[in-house]
Amino acid sequence: MPVLQTIADGIANGAILALLAVGLSVIFRLNKFVNVAHVDMATVGAYATLVLFTSVLPIFWLAAIAGVAVVATIGYLSHRLVYRRLRGQRSITLIITSIGVAFILRYLVTFIWGSNQQAFSLPLMRAVRLSDIRMSPYDLVIIALACAIFLGLFLVMRYTSLGRALRAVADNPDLARVAGLQTQKLLTIVWLAASALAGVGGVLLAVKTVITPYLGWAMLLPAFAAMIFGGVGSIGGTFLAAILIGIVSEFAAMYWLPTYRLAAIFGVIVLVLIVRPQGLFGVKAVAK
Amino acid sequence: MTAYLVAIGIIALIYVLLALSLNLQWGHTGLINFGLVAFFAIGAYVSGILSLNGWPIVLSMTAAVLAAAVAAWPLGRLTLTLKEDYLAVIAVGFSEVVRSVLENESWLTGGPSGLPGVPRLYAQAPAGMRDMLMFMTLVIAVIVVFALLQRLLRSPFGGSLRGVRDNEMAAAALGKNVVSFKTRSLVLGSGIAGLAGAFYAHYLTFISPEQFTPDVTFNVWIAVIIGGSGRNIGVILGTFLLIVFLEGTRFLNDIGIGLDGSQLGALRFILIGLALVLCMLYRPAGLFVKPERG
Amino acid sequence: MQFTRRDVLKAGAVLGTLAVASPRSLWAQGAEEIRMGTLCPITRAGSIFGPGMQKAMEYAAADINAMGGILGGRKIRLFSEDSQSEPDAAVRAAKKLIEVNNVETVLGTWSSGVTMAIAPIVMQGKVVNMNVSGTTDLRDMKKDEWIWPVGGSNISYGNMMGTYAVKQGYKKASFLAFNNPSGITLGEEFKRVFEAAGGTCEVIVYNPNQPSYRAELTRALASGPEVIALGSYLPDTTILLKEWYVMDEPVKWIGPIWAVSPALIEAVGKEASEGIVSIGAVPNMDSPAYERFRKRYEAEMNQKVLANPFAAVAYDMLASCALAMEAAQSSSAELFRQKIREVSSPEGKKVYDLEEAFKMIRAGESIDYEGVGGNMNFDETGEARPYFASWVAKEGQLELTGRVEG
């Protein structure tokens, strides 16, 4: 059934989007600004992995892990050196700053590698058949990886003391500090993790497509969309929202017009937000 | 050289109109309008299409302003339900949807190929004079808009807007219809953005959807924030500074830094990014306001 | 440190004075030099092509200067700007080149939007523009010998691809078009030619920068076509082919040389690219001048010449202008533009080597400069109609299979 295939394709795209959007969402919740440079972390992740893969770490998954570690560090540094110094400022100040950081990252990559596309030399594989659906083995891995990561995130947030601490800081940072929680350390962990996730998203995106300096930037709007659709700060919400966005986009392309993918996404989101302004799983207090 | 400066001046003044529009919406009403370019585009296309169909430019530009203003109304309604950061994202989505429509509905808009041959303002004037006349017209337009806005902002309406910006709940408690004020601010601001778009179309004489991406919105935001929002003078200066920086880095080529073409291009943008970050770190209130206003 | 309004105004005044007072003294190196401007897409959409195009023009200028310059020893000085592939920025860049740098040419624009936007400025400023834009609006425009499209228009590409497909005997086709003037015009012309010969063709337009084109590809394959033709660019073509390989549906592929290039084959590998056909304006591959250019370019730019079909043409742009200047005995655009057609049209003696071409012109002979990138034969409207050829990917290499004639 072609509809099932469309859904499956949408899920594969949504899985990557989820990885890109969740960090954005969490940073927004904790630091109260939309980090426009977040998607460019994905780009950096892809390039970092490329460098390692083609030089010292020719085993792909090792290079990918190392590449992601590089991105996590860069993300952390951006927090430490830049954003943290702007704490307490209006969110627009931070947004503009993140636009500056995005420029720096994206054009640094362009400076070093140029605008020509790069690619991981990984073997091409034919689709595997799962009853009526054909899926690329890479897509299956991507979906499995995304599910595993999100499950892990969910478990950490729900069942560990780290998760509890993070939720406390998110809900009420002042109270959390007073209660003795090491907000700084927690923020560090969040920035490392969020950036790492963006890096993973970037590597997976690069595996699926090609590596250009605009790799992550092209996903900015869908990532924004997933963030607010899911409800800012909600990990499960972001995941579900991203999957839904992937599916809506694929349906729009199949049955309406491929050039109206984004219009369809935003149309659906606006309709949902009118009914549920906080997004799918957002905290009611965040909206009006 | 003068012709070059006049050309820069024209673009700068068009951006000043956009900045004034944004300053009304953000600086005075606190709305994070990330969809500004949508109204710029609507103004450009409405005036472009109508004038290509024989309408006199004065009429087509008026229609452009009205169309942009009206288009802002639904966004205003959405402020009823959505928190400002959500609205910001929806706004940028809106601007991309507008661009999609411009690209797809080629029967109306020329599609991706755009609209060439949009009639110029002062078409009868000799070529050299034309740009100068355009420049002067824009100066007048900016002065008029500026004066009107100053007047408006000093009136009770302006006070209410600032009340809404600073403390929405208090404003509502005082009986102000918050949504109505926000909508009016959006509508007025968007009308100004539409005017800017109309001027743009009649200056370049060629418009296409690729010229109306969110980058334009971000540029205007940068000008407003760097200039120091809230004060129209600051915003105007910020716009000029932005243009100077965008254009000034071009002259790096002439000084010949000895870098490859594409590296030079990338370097320009790295410098712009660096400047943004530094400005926000050390002068978050903007360059043209007193520093204590944080 | 506090910036007062006064400080800013003071700084502005200083800058302004400098800017106005200095053009001749600061930037002029000598009255004898010939100033030529280039405006290539160094960043953003066209950035795969722009740097190479600019580099090729730098080669041409360097070569000519090494030969002793033109018009009695005058050297060429290049002023290069980045169009950013955007009409807005390009207009300002063009104005700067024309008004501040006082160039005689603005060469190398690629994006149709850019060329269309600077056209009025170029004509007003009385400079020569040569471009590789494909829009048909250029064909209809009154160019008055100021504006010269040399790359082969989108219509000619679509036409050649359609002709090739018809010759192969295909009856059912799909066309995947990038959502921009190039892709869409290519698609419309392909469809016209293909259907005029009795076939059926469906055109599907797609947006760039997507993580996947599954739906678009599925739609293209839905009608069971024998061939899918492309009006696309390298990154999206790469993704499309990769996804097609996954789907494993039998179909043939045809695309334009800038997308179906050695870089594509490198990205998708031998297996996925086997048999894909590339159609493009053919450079003068038999000429030793081309071979010299190719070696030099590929060594320095790390990009195959075939992957950037506009680079070789860019060399010819500058060369043609210089030859026309020599023929007109003037560096003024108003005068030499009238000689452009003359130095590269079939009436003269064919010459591929630049140095020889200059010798011949100085000797008063009539020449047909065939260049490295193409034939540079301009028709009555000022558009170059390059020769077209087809290539096929075999075992990871693009092999020339012959000329395509319309």
# chains A, B, ... in the order shown; residues from 1 in each chain; ligands from 1
$ interface_residues --of "chain A" --to "chain C" --cutoff "10 Å" --atoms "only C-alpha atoms" --output "PyMOL selection string"
chain A and resi 2+5-6+9-10+12-14+16-17+107+110+114-128+134-138+205-206+208-219+249-255+257-262
$ residues_around --residues "Gln150 of chain B" --least-positions-apart "6" --cutoff "12 Å" --atoms "only C-alpha atoms" --output "PyMOL selection string"
chain B and resi 20+23-24+28+142-144+156-159+230-233
$ write_last_selection --atoms "C-alpha atoms" --output "PDB file, in the first residue's frame"
ATOM      1  CA  LEU B  20      11.004  51.470  11.616  1.00  0.00           C
ATOM      2  CA  ASN B  23      10.729  48.926  15.842  1.00  0.00           C
ATOM      3  CA  LEU B  24       7.066  49.732  16.148  1.00  0.00           C
ATOM      4  CA  HIS B  28       7.257  49.534  21.274  1.00  0.00           C
ATOM      5  CA  VAL B 142      11.307  58.023   5.714  1.00  0.00           C
ATOM      6  CA  ILE B 143      10.904  61.457   7.240  1.00  0.00           C
ATOM      7  CA  VAL B 144       7.132  61.297   6.895  1.00  0.00           C
ATOM      8  CA  PRO B 156      -2.003  57.662  24.347  1.00  0.00           C
ATOM      9  CA  PHE B 157      -1.931  54.874  21.785  1.00  0.00           C
ATOM     10  CA  GLY B 158       1.826  54.748  22.062  1.00  0.00           C
ATOM     11  CA  GLY B 159       1.595  54.680  25.804  1.00  0.00           C
ATOM     12  CA  GLY B 230      12.937  51.573  21.144  1.00  0.00           C
ATOM     13  CA  ARG B 231      14.489  54.730  19.846  1.00  0.00           C
ATOM     14  CA  ASN B 232      13.750  55.367  16.211  1.00  0.00           C
ATOM     15  CA  ILE B 233      16.926  57.360  15.712  1.00  0.00           C
TER      16      ILE B 233
END
$ closest_atom_pairs --of "chain A" --to "chain B" --cutoff "8 Å" --atoms "only C-alpha atoms" --output "CSV"
residue,atom,partner,partner_atom,distance
A:Val82,CA,B:Leu281,CA,7.4
A:Arg85,CA,B:Leu281,CA,7.3
A:Leu86,CA,B:Leu281,CA,6.8
A:Gln89,CA,B:Gly294,CA,7.9
A:Thr93,CA,B:Pro284,CA,6.4
A:Leu94,CA,B:Met280,CA,7.8
A:Ile96,CA,B:Ile222,CA,6.7
A:Thr97,CA,B:Val277,CA,4.9
A:Ser98,CA,B:Val277,CA,7.7
A:Ile99,CA,B:Gly273,CA,7.2
A:Gly100,CA,B:Gly273,CA,3.8
A:Val101,CA,B:Gly273,CA,6.1
A:Ala102,CA,B:Gly273,CA,7.4
A:Phe103,CA,B:Gly273,CA,5.0
A:Ile104,CA,B:Ile270,CA,4.7
A:Leu105,CA,B:Ile270,CA,7.9
A:Tyr107,CA,B:Ala266,CA,5.1
A:Leu108,CA,B:Ile270,CA,6.7
A:Thr110,CA,B:Ala266,CA,6.2
A:Phe111,CA,B:Gln263,CA,5.0
A:Ile112,CA,B:Gln263,CA,7.8
A:Gly114,CA,B:Ser262,CA,7.0
A:Leu221,CA,B:Gly93,CA,7.0
A:Phe224,CA,B:Val89,CA,6.4
A:Ala225,CA,B:Val89,CA,7.1
A:Ile228,CA,B:Tyr86,CA,6.2
A:Thr259,CA,B:Ser100,CA,7.1
A:Tyr260,CA,B:Ser100,CA,6.6
A:Leu262,CA,B:Val97,CA,7.0
A:Ala263,CA,B:Val97,CA,5.1
A:Phe266,CA,B:Gly93,CA,6.3
A:Val270,CA,B:Ile90,CA,7.5
A:Leu273,CA,B:Leu82,CA,7.6
A:Ile274,CA,B:Thr81,CA,6.6
A:Pro277,CA,B:Leu82,CA,5.8
A:Gln278,CA,B:Leu82,CA,7.9
A:Val286,CA,B:Lys83,CA,7.4
A:Ala287,CA,B:Lys83,CA,5.1
A:Lys288,CA,B:Lys83,CA,6.0
$ residues_around --residues "Tyr15 of chain B" --least-positions-apart "2" --cutoff "8 Å" --atoms "only C-alpha atoms" --output "PyMOL selection string"
chain B and resi 11-13+17-19+196+220+239
$ write_last_selection --atoms "N, CA and C atoms" --output "JSON list (two decimals), in the first residue's frame"
[["chain", "number", "residue", "atom", "x", "y", "z"],
["B", 11, "ILE", "N", 18.96, 51.52, -0.99],
["B", 11, "ILE", "CA", 18.73, 50.26, -0.29],
["B", 11, "ILE", "C", 18.69, 50.50, 1.21],
["B", 12, "ALA", "N", 19.59, 51.35, 1.69],
["B", 12, "ALA", "CA", 19.62, 51.62, 3.12],
["B", 12, "ALA", "C", 18.30, 52.22, 3.58],
["B", 13, "LEU", "N", 17.77, 53.17, 2.81],
["B", 13, "LEU", "CA", 16.52, 53.80, 3.21],
["B", 13, "LEU", "C", 15.35, 52.82, 3.18],
["B", 17, "LEU", "N", 12.99, 51.86, 6.43],
["B", 17, "LEU", "CA", 11.54, 51.72, 6.54],
["B", 17, "LEU", "C", 11.20, 50.40, 7.22],
["B", 18, "LEU", "N", 11.89, 49.34, 6.81],
["B", 18, "LEU", "CA", 11.64, 48.04, 7.43],
["B", 18, "LEU", "C", 12.00, 48.08, 8.92],
["B", 19, "ALA", "N", 13.08, 48.76, 9.22],
["B", 19, "ALA", "CA", 13.52, 48.82, 10.61],
["B", 19, "ALA", "C", 12.52, 49.61, 11.46],
["B", 196, "ALA", "N", 7.84, 49.72, 1.93],
["B", 196, "ALA", "CA", 9.24, 49.46, 1.63],
["B", 196, "ALA", "C", 9.35, 48.49, 0.45],
["B", 220, "VAL", "N", 17.15, 42.85, 9.21],
["B", 220, "VAL", "CA", 16.47, 43.99, 9.82],
["B", 220, "VAL", "C", 16.52, 43.88, 11.34],
["B", 239, "THR", "N", 20.59, 50.70, 11.12],
["B", 239, "THR", "CA", 20.41, 50.23, 9.75],
["B", 239, "THR", "C", 21.56, 50.68, 8.88]]
$ residues_around --residues "Lys172 of chain C" --least-positions-apart "3" --cutoff "9 Å" --atoms "only C-alpha atoms" --output "PyMOL selection string"
chain C and resi 194+199-202+223-228
$ atom_distance --atom1 "atom CA of Asn131 of chain C" --atom2 "atom CA of Arg120 of chain B"
24.3 Å
